[in-house]
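Engineer: What follows is model-v4.pdb, made up of PDB, C-alpha atoms:
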```pdb
ATOM      1  CA  MET A   1     -14.627  36.658  13.893
ATOM      2  CA  PRO A   2     -14.768  34.844  17.257
ATOM      3  CA  ALA A   3     -16.588  31.512  17.147
ATOM      4  CA  ASP A   4     -19.245  32.627  19.659
ATOM      5  CA  ARG A   5     -20.116  35.836  17.781
ATOM      6  CA  ILE A   6     -23.306  35.645  15.726
ATOM      7  CA  PRO A   7     -22.990  37.146  12.229
ATOM      8  CA  PRO A   8     -25.552  39.797  11.293
ATOM      9  CA  ARG A   9     -28.407  39.024   8.921
ATOM     10  CA  ILE A  10     -27.650  40.180   5.406
ATOM     11  CA  THR A  11     -29.812  42.963   4.006
ATOM     12  CA  PRO A  12     -29.118  45.334   1.110
ATOM     13  CA  SER A  13     -28.581  48.201   3.565
ATOM     14  CA  TYR A  14     -26.177  46.062   5.620
ATOM     15  CA  LEU A  15     -24.201  45.226   2.476
ATOM     16  CA  GLU A  16     -24.020  48.881   1.479
ATOM     17  CA  ASN A  17     -22.902  49.965   4.957
ATOM     18  CA  ALA A  18     -20.331  47.164   5.133
ATOM     19  CA  ALA A  19     -19.000  48.120   1.696
ATOM     20  CA  LEU A  20     -18.722  51.802   2.634
ATOM     21  CA  HIS A  21     -17.031  50.921   5.912
ATOM     22  CA  TYR A  22     -14.508  48.727   4.065
ATOM     23  CA  LEU A  23     -13.861  51.406   1.424
ATOM     24  CA  GLU A  24     -13.238  53.993   4.158
ATOM     25  CA  ARG A  25     -10.318  51.895   5.344
ATOM     26  CA  PHE A  26      -8.954  50.280   2.177
ATOM     27  CA  ALA A  27      -8.615  51.044  -1.500
ATOM     28  CA  ALA A  28     -10.262  48.171  -3.333
ATOM     29  CA  SER A  29     -11.219  47.009  -6.786
ATOM     30  CA  GLY A  30     -14.782  45.939  -7.442
ATOM     31  CA  ALA A  31     -13.757  42.280  -7.514
ATOM     32  CA  SER A  32     -11.843  42.400  -4.235
ATOM     33  CA  LEU A  33     -14.727  44.218  -2.508
ATOM     34  CA  ARG A  34     -17.076  41.543  -3.862
ATOM     35  CA  ARG A  35     -14.851  38.793  -2.344
ATOM     36  CA  VAL A  36     -14.837  40.498   1.061
ATOM     37  CA  LEU A  37     -18.596  40.931   1.109
ATOM     38  CA  MET A  38     -19.250  37.406  -0.190
ATOM     39  CA  ARG A  39     -17.348  36.065   2.835
ATOM     40  CA  LYS A  40     -19.730  38.044   5.055
ATOM     41  CA  ILE A  41     -22.687  36.644   3.131
ATOM     42  CA  ASP A  42     -21.374  33.084   3.460
ATOM     43  CA  ARG A  43     -20.923  33.451   7.233
ATOM     44  CA  SER A  44     -24.448  34.838   7.551
ATOM     45  CA  ILE A  45     -25.952  32.051   5.443
ATOM     46  CA  ALA A  46     -24.134  29.424   7.481
ATOM     47  CA  HIS A  47     -25.791  30.743  10.629
ATOM     48  CA  TRP A  48     -29.146  32.150   9.490
ATOM     49  CA  GLY A  49     -29.743  30.196   6.303
ATOM     50  CA  GLY A  50     -30.909  31.708   3.049
ATOM     51  CA  GLU A  51     -30.021  31.672  -0.608
ATOM     52  CA  ARG A  52     -26.582  32.752  -1.741
ATOM     53  CA  VAL A  53     -27.925  33.739  -5.173
ATOM     54  CA  GLU A  54     -30.423  36.168  -3.659
ATOM     55  CA  HIS A  55     -27.738  37.883  -1.567
ATOM     56  CA  ALA A  56     -25.331  37.897  -4.514
ATOM     57  CA  GLN A  57     -27.910  39.819  -6.553
ATOM     58  CA  ALA A  58     -28.234  42.378  -3.762
ATOM     59  CA  LEU A  59     -24.429  42.595  -3.642
ATOM     60  CA  ASP A  60     -24.291  43.207  -7.404
ATOM     61  CA  ALA A  61     -26.758  46.069  -6.992
ATOM     62  CA  VAL A  62     -24.686  47.602  -4.168
ATOM     63  CA  ILE A  63     -21.450  47.363  -6.150
ATOM     64  CA  THR A  64     -23.120  48.873  -9.232
ATOM     65  CA  LYS A  65     -24.471  51.733  -7.099
ATOM     66  CA  LEU A  66     -21.099  52.413  -5.474
ATOM     67  CA  ALA A  67     -19.337  52.298  -8.844
ATOM     68  CA  GLY A  68     -21.879  54.774 -10.210
ATOM     69  CA  LEU A  69     -21.201  57.094  -7.283
ATOM     70  CA  GLY A  70     -17.448  56.843  -7.877
ATOM     71  CA  TYR A  71     -16.568  54.953  -4.695
ATOM     72  CA  ILE A  72     -15.281  52.032  -6.758
ATOM     73  CA  ASP A  73     -13.122  52.901  -9.757
ATOM     74  CA  ASP A  74     -11.090  49.990 -11.072
ATOM     75  CA  GLN A  75      -9.163  52.195 -13.512
ATOM     76  CA  ALA A  76      -8.040  54.610 -10.784
ATOM     77  CA  TYR A  77      -7.293  51.671  -8.491
ATOM     78  CA  ALA A  78      -5.158  49.997 -11.167
ATOM     79  CA  GLY A  79      -3.167  53.193 -11.717
ATOM     80  CA  MET A  80      -2.651  53.775  -8.005
ATOM     81  CA  LYS A  81      -1.687  50.169  -7.312
ATOM     82  CA  THR A  82       0.696  50.109 -10.302
ATOM     83  CA  ARG A  83       2.553  53.222  -9.123
ATOM     84  CA  SER A  84       2.664  51.936  -5.548
ATOM     85  CA  LEU A  85       4.074  48.548  -6.519
ATOM     86  CA  HIS A  86       6.615  50.206  -8.824
ATOM     87  CA  ARG A  87       7.814  52.415  -5.968
ATOM     88  CA  GLN A  88       8.221  49.249  -3.866
ATOM     89  CA  GLY A  89      10.549  47.842  -6.517
ATOM     90  CA  LYS A  90       8.190  45.412  -8.270
ATOM     91  CA  GLY A  91       8.700  44.549 -11.927
ATOM     92  CA  MET A  92       6.079  44.774 -14.659
ATOM     93  CA  ARG A  93       5.352  41.025 -14.468
ATOM     94  CA  ALA A  94       4.817  41.146 -10.715
ATOM     95  CA  ILE A  95       2.575  44.210 -11.081
ATOM     96  CA  ARG A  96       0.508  42.482 -13.768
ATOM     97  CA  ALA A  97       0.123  39.379 -11.559
ATOM     98  CA  THR A  98      -0.897  41.446  -8.520
ATOM     99  CA  LEU A  99      -3.522  43.362 -10.480
ATOM    100  CA  ALA A 100      -4.897  40.117 -11.906
ATOM    101  CA  ALA A 101      -5.169  38.729  -8.371
ATOM    102  CA  LYS A 102      -7.076  41.859  -7.344
ATOM    103  CA  GLY A 103      -9.597  41.260 -10.130
ATOM    104  CA  ILE A 104      -8.506  44.024 -12.490
ATOM    105  CA  ASP A 105      -9.163  43.061 -16.108
ATOM    106  CA  SER A 106      -6.257  42.894 -18.538
ATOM    107  CA  GLU A 107      -7.316  45.978 -20.514
ATOM    108  CA  LEU A 108      -7.187  48.217 -17.428
ATOM    109  CA  THR A 109      -3.917  46.584 -16.405
ATOM    110  CA  ASP A 110      -2.431  47.347 -19.836
ATOM    111  CA  GLN A 111      -3.552  50.982 -19.556
ATOM    112  CA  ALA A 112      -1.972  51.348 -16.120
ATOM    113  CA  LEU A 113       1.289  49.765 -17.289
ATOM    114  CA  HIS A 114       1.407  51.989 -20.392
ATOM    115  CA  ALA A 115       0.975  55.037 -18.132
ATOM    116  CA  LEU A 116       3.905  53.775 -16.057
ATOM    117  CA  VAL A 117       6.037  53.423 -19.197
ATOM    118  CA  ASP A 118       5.150  57.019 -20.100
ATOM    119  CA  GLU A 119       6.422  58.176 -16.692
ATOM    120  CA  HIS A 120       9.567  55.999 -16.705
ATOM    121  CA  PRO A 121      11.163  54.996 -20.029
ATOM    122  CA  GLU A 122      12.521  51.762 -18.477
ATOM    123  CA  PRO A 123      10.242  51.073 -15.502
ATOM    124  CA  ASP A 124      11.700  47.615 -14.815
ATOM    125  CA  LEU A 125      15.229  49.010 -14.591
ATOM    126  CA  ALA A 126      14.137  51.810 -12.252
ATOM    127  CA  ALA A 127      12.194  49.398 -10.035
ATOM    128  CA  ALA A 128      15.041  46.859  -9.970
ATOM    129  CA  ILE A 129      17.486  49.565  -8.884
ATOM    130  CA  ARG A 130      15.063  50.717  -6.198
ATOM    131  CA  LEU A 131      14.663  47.150  -4.915
ATOM    132  CA  ALA A 132      18.422  46.520  -4.990
ATOM    133  CA  ARG A 133      19.027  49.709  -3.027
ATOM    134  CA  LYS A 134      16.312  48.870  -0.497
ATOM    135  CA  ARG A 135      17.467  45.269   0.035
ATOM    136  CA  ARG A 136      21.185  46.050  -0.355
ATOM    137  CA  LEU A 137      21.726  43.783  -3.324
ATOM    138  CA  GLY A 138      24.549  43.816  -5.877
ATOM    139  CA  PRO A 139      26.410  47.136  -5.868
ATOM    140  CA  PHE A 140      24.856  48.050  -2.516
ATOM    141  CA  ARG A 141      26.541  45.122  -0.739
ATOM    142  CA  PRO A 142      30.030  45.290   0.740
ATOM    143  CA  ALA A 143      32.538  44.644  -2.067
ATOM    144  CA  ASP A 144      33.973  41.527  -0.424
ATOM    145  CA  LYS A 145      30.507  39.838  -0.306
ATOM    146  CA  ARG A 146      29.340  40.585  -3.862
ATOM    147  CA  ALA A 147      30.808  37.565  -5.639
ATOM    148  CA  GLU A 148      29.532  34.993  -3.165
ATOM    149  CA  THR A 149      25.997  36.472  -3.082
ATOM    150  CA  ARG A 150      25.571  37.190  -6.818
ATOM    151  CA  ALA A 151      23.294  34.183  -7.466
ATOM    152  CA  LYS A 152      21.209  34.964  -4.392
ATOM    153  CA  ASP A 153      20.832  38.603  -5.503
ATOM    154  CA  MET A 154      19.877  37.573  -9.033
ATOM    155  CA  ASN A 155      17.229  35.225  -7.607
ATOM    156  CA  ALA A 156      15.826  37.993  -5.404
ATOM    157  CA  LEU A 157      15.305  40.205  -8.462
ATOM    158  CA  ALA A 158      13.835  37.321 -10.464
ATOM    159  CA  ARG A 159      11.288  36.611  -7.708
ATOM    160  CA  SER A 160      10.222  40.250  -7.882
ATOM    161  CA  GLY A 161       9.347  39.902 -11.562
ATOM    162  CA  PHE A 162      12.495  41.071 -13.340
ATOM    163  CA  GLY A 163      13.980  39.386 -16.369
ATOM    164  CA  PHE A 164      17.511  38.018 -16.508
ATOM    165  CA  ASP A 165      18.892  40.977 -18.485
ATOM    166  CA  ILE A 166      17.624  43.608 -16.034
ATOM    167  CA  ALA A 167      18.773  41.572 -13.026
ATOM    168  CA  ARG A 168      22.229  41.071 -14.530
ATOM    169  CA  ARG A 169      22.614  44.758 -15.390
ATOM    170  CA  VAL A 170      21.689  45.848 -11.859
ATOM    171  CA  ILE A 171      23.580  43.186  -9.893
ATOM    172  CA  ASP A 172      26.733  43.459 -12.020
ATOM    173  CA  ALA A 173      26.822  47.282 -11.971
ATOM    174  CA  GLU A 174      29.984  48.755 -10.536
ATOM    175  CA  ASP A 175      28.282  51.094  -8.059
ATOM    176  CA  ASP A 176      25.317  53.412  -7.475
ATOM    177  CA  ALA A 177      26.731  56.003  -9.879
ATOM    178  CA  ALA A 178      26.789  53.427 -12.707
ATOM    179  CA  LEU A 179      23.130  52.599 -12.017
ATOM    180  CA  THR A 180      22.199  56.285 -12.055
ATOM    181  CA  GLU A 181      24.013  56.635 -15.386
ATOM    182  CA  MET A 182      22.045  53.668 -16.763
ATOM    183  CA  LEU A 183      18.785  55.337 -15.788
ATOM    184  CA  ASP A 184      19.868  58.633 -17.327
ATOM    185  CA  GLN A 185      20.734  56.902 -20.600
ATOM    186  CA  ALA A 186      17.347  55.171 -20.622
ATOM    187  CA  GLY A 187      15.513  58.482 -20.170
TER     188      GLY A 187
END
```
Turn this file's structure into structure tokens for me.
Structural biologist:
Amino acid sequence: MPADRIPPRITPSYLENAALHYLERFAASGASLRRVLMRKIDRSIAHWGGERVEHAQALDAVITKLAGLGYIDDQAYAGMKTRSLHRQGKGMRAIRATLAAKGIDSELTDQALHALVDEHPEPDLAAAIRLARKRRLGPFRPADKRAETRAKDMNALARSGFGFDIARRVIDAEDDAALTEMLDQAG
């Protein structure tokens, strides 16, 4: 927000409209929506004054109402975000950390990860292969560069949340056909 722009006064109807406008554009968990709206409240209080507790209570009521109407569904959000991150090549640890940062409780995270395991017998292996293919790591590199970049490739997979065993299996695979065979054996 530009420094010369005056923030609006916070009212329950403003909070509800701001929440609906945000949810039109972004999928969000209840906790992440709360963070966004609390920033709006803080900017308004800094300019207009008021009590944060009073506005926080109004925000709680808005979030409860929107959850009751089905606009906020942390379970559906966790499932959607889990599948999306898996398609991007993120490991189970990275997915768990992302969901925790988005305010999803551990029980919903566990449910979403169990659903992912039901879809893919070895989700970490599938995601690691997808990431290696996308970033041209390991067997997707030119053969003459593989040995000198092995440690770098292993580190790239580790930063994405994969364990040593998965990273080693993917990076040391002979070629794409060997990785496909690994996935077929896992399924």
Engineer: CA of Leu37 (chain A) to CA of Leu15 (chain A): how many Å, to one decimal?
Structural biologist: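 Atom-to-atom, CA of Leu37 (chain A) and CA of Leu15 (chain A) are spaced 7.2 Å apart.
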Engineer: Considering all atoms listed in the file, give me a table of residues in region 45-79 of chain A that are at most 12 Å from region 21-36 of chain A, with the closest atom pair and distance in Å for each, as JSON lines.
Structural biologist:
```
{"residue": "A:His55", "atom": "CA", "partner": "A:Arg34", "partner_atom": "CA", "distance": 11.5}
{"residue": "A:Ala56", "atom": "CA", "partner": "A:Arg34", "partner_atom": "CA", "distance": 9.0}
{"residue": "A:Gln57", "atom": "CA", "partner": "A:Arg34", "partner_atom": "CA", "distance": 11.3}
{"residue": "A:Ala58", "atom": "CA", "partner": "A:Arg34", "partner_atom": "CA", "distance": 11.2}
{"residue": "A:Leu59", "atom": "CA", "partner": "A:Arg34", "partner_atom": "CA", "distance": 7.4}
{"residue": "A:Asp60", "atom": "CA", "partner": "A:Arg34", "partner_atom": "CA", "distance": 8.2}
{"residue": "A:Ala61", "atom": "CA", "partner": "A:Arg34", "partner_atom": "CA", "distance": 11.1}
{"residue": "A:Val62", "atom": "CA", "partner": "A:Arg34", "partner_atom": "CA", "distance": 9.7}
{"residue": "A:Ile63", "atom": "CA", "partner": "A:Gly30", "partner_atom": "CA", "distance": 6.9}
{"residue": "A:Thr64", "atom": "CA", "partner": "A:Gly30", "partner_atom": "CA", "distance": 9.0}
{"residue": "A:Lys65", "atom": "CA", "partner": "A:Gly30", "partner_atom": "CA", "distance": 11.3}
{"residue": "A:Leu66", "atom": "CA", "partner": "A:Gly30", "partner_atom": "CA", "distance": 9.3}
{"residue": "A:Ala67", "atom": "CA", "partner": "A:Gly30", "partner_atom": "CA", "distance": 7.9}
{"residue": "A:Gly68", "atom": "CA", "partner": "A:Gly30", "partner_atom": "CA", "distance": 11.7}
{"residue": "A:Gly70", "atom": "CA", "partner": "A:Gly30", "partner_atom": "CA", "distance": 11.2}
{"residue": "A:Tyr71", "atom": "CA", "partner": "A:Leu23", "partner_atom": "CA", "distance": 7.6}
{"residue": "A:Ile72", "atom": "CA", "partner": "A:Gly30", "partner_atom": "CA", "distance": 6.2}
{"residue": "A:Asp73", "atom": "CA", "partner": "A:Ser29", "partner_atom": "CA", "distance": 6.9}
{"residue": "A:Asp74", "atom": "CA", "partner": "A:Ser29", "partner_atom": "CA", "distance": 5.2}
{"residue": "A:Gln75", "atom": "CA", "partner": "A:Ser29", "partner_atom": "CA", "distance": 8.7}
{"residue": "A:Ala76", "atom": "CA", "partner": "A:Ser29", "partner_atom": "CA", "distance": 9.2}
{"residue": "A:Tyr77", "atom": "CA", "partner": "A:Ser29", "partner_atom": "CA", "distance": 6.3}
{"residue": "A:Ala78", "atom": "CA", "partner": "A:Ser29", "partner_atom": "CA", "distance": 8.1}
{"residue": "A:Gly79", "atom": "CA", "partner": "A:Ser29", "partner_atom": "CA", "distance": 11.3}
```
Engineer: Please measure the separation of CA of Ile41 (chain A) and CA of Gly103 (chain A), giving the value in Å to one decimal.
Structural biologist: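 For CA of Ile41 (chain A) relative to CA of Gly103 (chain A), the distance reads 19.2 Å.
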Engineer: List every protein, DNA or RNA residue with an atom no more than 7 Å from (14.5, 46.1, -13.5) in the file's coordinates, counting only C-alpha atoms, and format the result as a list in words.
Structural biologist: Gly91, Pro123, Asp124, Leu125, Ala126, Ala127, Ala128, Ile129, Phe162, Ile166 and Ala167 of chain A
Engineer: Enumerate, as a list in words, the residues matched when the PyMOL selection byres ((chain A and resi 7-11) around 10) is run on the file above.
Structural biologist: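 This file gives the following for the PyMOL selection byres ((chain A and resi 7-11) around 10): Met1, Pro2, Ala3, Asp4, Arg5, Ile6, Pro12, Ser13, Tyr14, Leu15, Glu16, Asn17, Lys40, Ile41, Asp42, Arg43, Ser44, Ile45, Ala46, His47, Trp48, Gly49, Gly50, His55, Ala58 and Leu59 of chain A.
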Engineer: Counting all atoms listed in the file, which of A:Ser84, A:Arg169, A:Arg39, A:Asp110 gets nearest to Arg96 (chain A)?
Structural biologist: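 Between A:Ser84, A:Arg169, A:Arg39, A:Asp110, the residue approaching Arg96 (chain A) most closely is A:Asp110.
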Engineer: To test your reading of the syntax: which residues would the PyMOL selection byres ((chain A and resi 83) around 12) return for the file shown? Reply as a ChimeraX atom specification.
Structural biologist: /A:76-82,84-92,95-96,99,109,112-120,123,127
Engineer: For CA of Gly138 (chain A) and CA of Gly161 (chain A), quote the distance in Å rounded to one decimal.
Structural biologist: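 Computed distance, CA of Gly138 (chain A) to CA of Gly161 (chain A), equals 16.7 Å.
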Engineer: For the file shown, what are the residues hit by the PyMOL selection byres ((chain A and resi 154) around 10), laid out as a PDB file with C-alpha atoms, in the coordinates of the input?
Structural biologist:
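Saved as expr.pdb:
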```pdb
ATOM      1  CA  ALA A 132      18.422  46.520  -4.990  1.00  0.00           C
ATOM      2  CA  LEU A 137      21.726  43.783  -3.324  1.00  0.00           C
ATOM      3  CA  GLY A 138      24.549  43.816  -5.877  1.00  0.00           C
ATOM      4  CA  THR A 149      25.997  36.472  -3.082  1.00  0.00           C
ATOM      5  CA  ARG A 150      25.571  37.190  -6.818  1.00  0.00           C
ATOM      6  CA  ALA A 151      23.294  34.183  -7.466  1.00  0.00           C
ATOM      7  CA  LYS A 152      21.209  34.964  -4.392  1.00  0.00           C
ATOM      8  CA  ASP A 153      20.832  38.603  -5.503  1.00  0.00           C
ATOM      9  CA  ASN A 155      17.229  35.225  -7.607  1.00  0.00           C
ATOM     10  CA  ALA A 156      15.826  37.993  -5.404  1.00  0.00           C
ATOM     11  CA  LEU A 157      15.305  40.205  -8.462  1.00  0.00           C
ATOM     12  CA  ALA A 158      13.835  37.321 -10.464  1.00  0.00           C
ATOM     13  CA  ARG A 159      11.288  36.611  -7.708  1.00  0.00           C
ATOM     14  CA  PHE A 162      12.495  41.071 -13.340  1.00  0.00           C
ATOM     15  CA  GLY A 163      13.980  39.386 -16.369  1.00  0.00           C
ATOM     16  CA  PHE A 164      17.511  38.018 -16.508  1.00  0.00           C
ATOM     17  CA  ILE A 166      17.624  43.608 -16.034  1.00  0.00           C
ATOM     18  CA  ALA A 167      18.773  41.572 -13.026  1.00  0.00           C
ATOM     19  CA  ARG A 168      22.229  41.071 -14.530  1.00  0.00           C
ATOM     20  CA  ARG A 169      22.614  44.758 -15.390  1.00  0.00           C
ATOM     21  CA  VAL A 170      21.689  45.848 -11.859  1.00  0.00           C
ATOM     22  CA  ILE A 171      23.580  43.186  -9.893  1.00  0.00           C
ATOM     23  CA  ASP A 172      26.733  43.459 -12.020  1.00  0.00           C
TER      24      ASP A 172
END
```
Engineer: Counting all atoms listed in the file, which of A:Asp105, A:Ser160, A:Arg52, A:Pro139 gets nearest to Arg93 (chain A)?
Structural biologist: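 Selected residue with least distance to Arg93 (chain A): A:Ser160.
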Engineer: From the set A:Glu107, A:Glu54, A:Asp176, A:Glu148, which residue has the shortest atom-to-atom contact distance to Arg130 (chain A), counting all atoms listed in the file?
Structural biologist: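 Looking at the shortest contact to Arg130 (chain A), the residue is A:Asp176.
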Engineer: Determine the nearest neighbour of Asp184 (chain A) from the options A:Ala94, A:Glu122, A:Ala18, A:Ile104, counting only C-alpha atoms.
Structural biologist: A:Glu122
